[in-house]
Amino acid sequence: MAKLVLIRHGESQWNLDNRFTGWVDVDLSAKGVEEARSAGVLVKKAGIEFQSTYTSLLKRAIKTHYNMLEVMDRLWYPVTRDYRLNERHYGALQGLNKEETAKKYGDAQVKIWRRSFDTLPPLLEASSEMNPANDIRYKNLGIEAQPLGESLKLTIDRVLPLWNQEIISHLKNGENVLIVAHGNSLRGLVKILKNLSNEEILELNIPTAKPWVFEFDENLKIIQDAYL
């Protein structure tokens with residue numbers, strides 16, 4: 001039986017500061033490092049070995065992955081880093097304090113930006129230093145890897161090809177897969193896995209650094225899923 005383990009990165013510094021983060025490459029907080037290492041302990045105790053591992057291109061996911069594997073004494077695991085696992089791009093909201101933004105625009109508007117399935121946030125100006133086109137990680141990947149803002153729907157749309165083209169193949173071959181990513185990219189995967197409606201996925205919140213284990217049969221039907 002193949003297993004898929006999903007991990008949202010540990011607490012980042014901007015999680016701590018209550019700021020919209022998106023594609024800004026914010027580091028883990030001290031608590032986030034400890035959360036990542038604790039996740040590694042849980043996976044090690046569960047005795048799960050991985051043949052494939054994935055992260056986004058953002059350091060909070062990369063460092064969570066590293067700290068987990070260091071605790072597990074498995075730093076040699078193969079890893080694929082892919083922008084399609086990046087967090088949802090929050091456009092011009094990136095860097096803003098969530099509470100202050102709610103005071104400025106109203107709770108209702110901010111809730112729509114944060115929780116609506118297909119509503120875009122205010123888009124980033126192309127001239128912004130946060131434009132992914134200015135980042136060496138994305139500039140050679142083409143326009144699809146250079147969004148100026150994304151809805152949850154668009155985030156899921158970029159995660160889906162990675163799932164269909166790569167991750168499913170590993171699971172079909174009986175390989176265990178670890179994915180360390182972000183709240184919204186992981187919500188996209190869970191929507192696919194559990195066939196959740198657009199309304200149901202809006203109510204799903206994935207906590208930081210809690211290993212979520214999915215077990216599949218040979219037909220890739222979920223047998224069970226639970227947090228460690």
# chains A, B, ... in the order shown; residues from 1 in each chain; ligands from 1
>>> closest_atom_pairs(of="region 8-45 of chain A", to="region 62-71 of chain A", cutoff="12 Å", atoms="only C-alpha atoms", output="Markdown table")
| residue | atom | partner | partner_atom | distance |
| --- | --- | --- | --- | --- |
| A:Arg8 | CA | A:Thr64 | CA | 8.6 |
| A:His9 | CA | A:Thr64 | CA | 5.6 |
| A:Gly10 | CA | A:Thr64 | CA | 6.2 |
| A:Glu11 | CA | A:Thr64 | CA | 9.4 |
| A:Ser12 | CA | A:Thr64 | CA | 10.0 |
| A:Asp25 | CA | A:Ile62 | CA | 10.6 |
| A:Val26 | CA | A:Lys63 | CA | 10.9 |
| A:Asp27 | CA | A:Lys63 | CA | 8.2 |
| A:Leu28 | CA | A:Lys63 | CA | 7.5 |
| A:Ser29 | CA | A:Thr64 | CA | 10.8 |
| A:Ala30 | CA | A:Thr64 | CA | 11.5 |
| A:Lys31 | CA | A:Thr64 | CA | 11.3 |
| A:Gly32 | CA | A:Thr64 | CA | 7.8 |
| A:Val33 | CA | A:Thr64 | CA | 6.8 |
| A:Glu34 | CA | A:Asn67 | CA | 8.5 |
| A:Glu35 | CA | A:Thr64 | CA | 8.3 |
| A:Ala36 | CA | A:Thr64 | CA | 5.0 |
| A:Arg37 | CA | A:Met68 | CA | 5.0 |
| A:Ser38 | CA | A:Met68 | CA | 7.5 |
| A:Ala39 | CA | A:Met68 | CA | 6.3 |
| A:Gly40 | CA | A:Met68 | CA | 4.0 |
| A:Val41 | CA | A:Val71 | CA | 6.4 |
| A:Leu42 | CA | A:Met68 | CA | 9.4 |
| A:Val43 | CA | A:Met68 | CA | 8.5 |
| A:Lys44 | CA | A:Val71 | CA | 8.1 |
| A:Lys45 | CA | A:Val71 | CA | 10.9 |
>>> residues_around(residues="Ile7 (chain A)", least_positions_apart="5", cutoff="10 Å", atoms="only C-alpha atoms", output="MDAnalysis selection string")
chainID A and resid 36 39 55 61 64:65 178:183 186 206:213 227
>>> select_by_dssp(residues="region 19-50 of chain A", states="alpha helix (DSSP H)", output="VMD selection string")
chain A and resid 30 to 46
>>> residues_around(residues="Phe50 (chain A)", least_positions_apart="2", cutoff="12 Å", atoms="only C-alpha atoms", output="list in words")
Ala2, Lys3, Leu4, Val5, Val43, Lys44, Gly47, Ile48, Ser52, Thr53, Tyr54, Leu69, Met72, Arg74, Leu75, Trp76, Tyr77, Pro78, Val79, His170, Leu171, Gly174, Glu175, Asn176, Val177, Leu178 and Ile179 of chain A
>>> write_last_selection(atoms="C-alpha atoms", output="mmCIF file, in the first residue's frame")
data_model
loop_
_atom_site.group_PDB
_atom_site.id
_atom_site.type_symbol
_atom_site.label_atom_id
_atom_site.label_comp_id
_atom_site.auth_asym_id
_atom_site.auth_seq_id
_atom_site.Cartn_x
_atom_site.Cartn_y
_atom_site.Cartn_z
ATOM 1 C CA ALA A 2 1.433 3.336 -1.069
ATOM 2 C CA LYS A 3 1.417 6.247 1.353
ATOM 3 C CA LEU A 4 1.309 9.971 0.683
ATOM 4 C CA VAL A 5 2.319 12.322 3.493
ATOM 5 C CA VAL A 43 7.199 10.359 10.817
ATOM 6 C CA LYS A 44 10.256 8.495 12.087
ATOM 7 C CA GLY A 47 8.327 4.042 10.443
ATOM 8 C CA ILE A 48 7.418 5.558 7.078
ATOM 9 C CA SER A 52 10.119 10.332 -3.577
ATOM 10 C CA THR A 53 9.898 13.717 -1.863
ATOM 11 C CA TYR A 54 8.735 17.107 -3.110
ATOM 12 C CA LEU A 69 14.834 14.678 7.156
ATOM 13 C CA MET A 72 14.897 11.233 10.485
ATOM 14 C CA ARG A 74 17.292 10.657 5.802
ATOM 15 C CA LEU A 75 18.910 13.702 4.194
ATOM 16 C CA TRP A 76 19.838 11.467 1.260
ATOM 17 C CA TYR A 77 16.227 11.082 0.140
ATOM 18 C CA PRO A 78 15.715 12.251 -3.468
ATOM 19 C CA VAL A 79 13.875 15.570 -3.689
ATOM 20 C CA HIS A 170 5.046 7.207 -8.006
ATOM 21 C CA LEU A 171 2.041 6.094 -5.987
ATOM 22 C CA GLY A 174 3.897 1.522 -4.767
ATOM 23 C CA GLU A 175 6.247 4.326 -3.728
ATOM 24 C CA ASN A 176 5.678 6.398 -0.619
ATOM 25 C CA VAL A 177 5.697 10.129 -1.361
ATOM 26 C CA LEU A 178 6.362 13.096 0.953
ATOM 27 C CA ILE A 179 5.190 16.575 -0.072
#
>>> residues_around(residues="Leu162 (chain A)", least_positions_apart="4", cutoff="10 Å", atoms="only C-alpha atoms", output="number ranges by chain")
A: 82-85, 157-158, 166-168, 189
>>> residues_around(residues="Val110 (chain A)", least_positions_apart="5", cutoff="8 Å", atoms="only C-alpha atoms", output="PyMOL selection string")
chain A and resi 101-102+105
>>> write_last_selection(atoms="N, CA and C atoms", output="CSV table (one decimal), in the first residue's frame")
chain,number,residue,atom,x,y,z
A,101,THR,N,-5.2,45.3,7.1
A,101,THR,CA,-5.9,45.3,5.8
A,101,THR,C,-7.4,45.2,6.0
A,102,ALA,N,-7.9,44.4,7.0
A,102,ALA,CA,-9.3,44.3,7.3
A,102,ALA,C,-9.9,45.6,7.8
A,105,TYR,N,-10.1,47.8,4.4
A,105,TYR,CA,-11.0,47.4,3.4
A,105,TYR,C,-12.3,46.8,3.9
>>> closest_residue(among="A:Lys221, A:Ile201, A:Phe20, A:Gln13", to="Glu100 (chain A)", atoms="only C-alpha atoms")
A:Phe20
>>> closest_residue(among="A:Pro147, A:Gly22, A:Pro132, A:Gly106", to="Asn86 (chain A)", atoms="only C-alpha atoms")
A:Gly22
>>> select_by_dssp(residues="region 96-217 of chain A", states="strand (DSSP E)", output="count of residues only")
10
>>> residues_around(residues="Leu120 (chain A)", least_positions_apart="4", cutoff="12 Å", atoms="only C-alpha atoms", output="MDAnalysis selection string")
chainID A and resid 88:93 109:116 124 147:155
>>> residues_around(residues="Ile192 (chain A)", least_positions_apart="2", cutoff="12 Å", atoms="only C-alpha atoms", output="number ranges by chain")
A: 153, 156-157, 159-164, 168, 185-190, 194-198, 200-201, 222
>>> atom_distance(atom1="CA of Leu58 (chain A)", atom2="CA of Ala46 (chain A)")
26.9 Å
>>> atom_distance(atom1="CA of Arg19 (chain A)", atom2="CA of Ile136 (chain A)")
24.2 Å
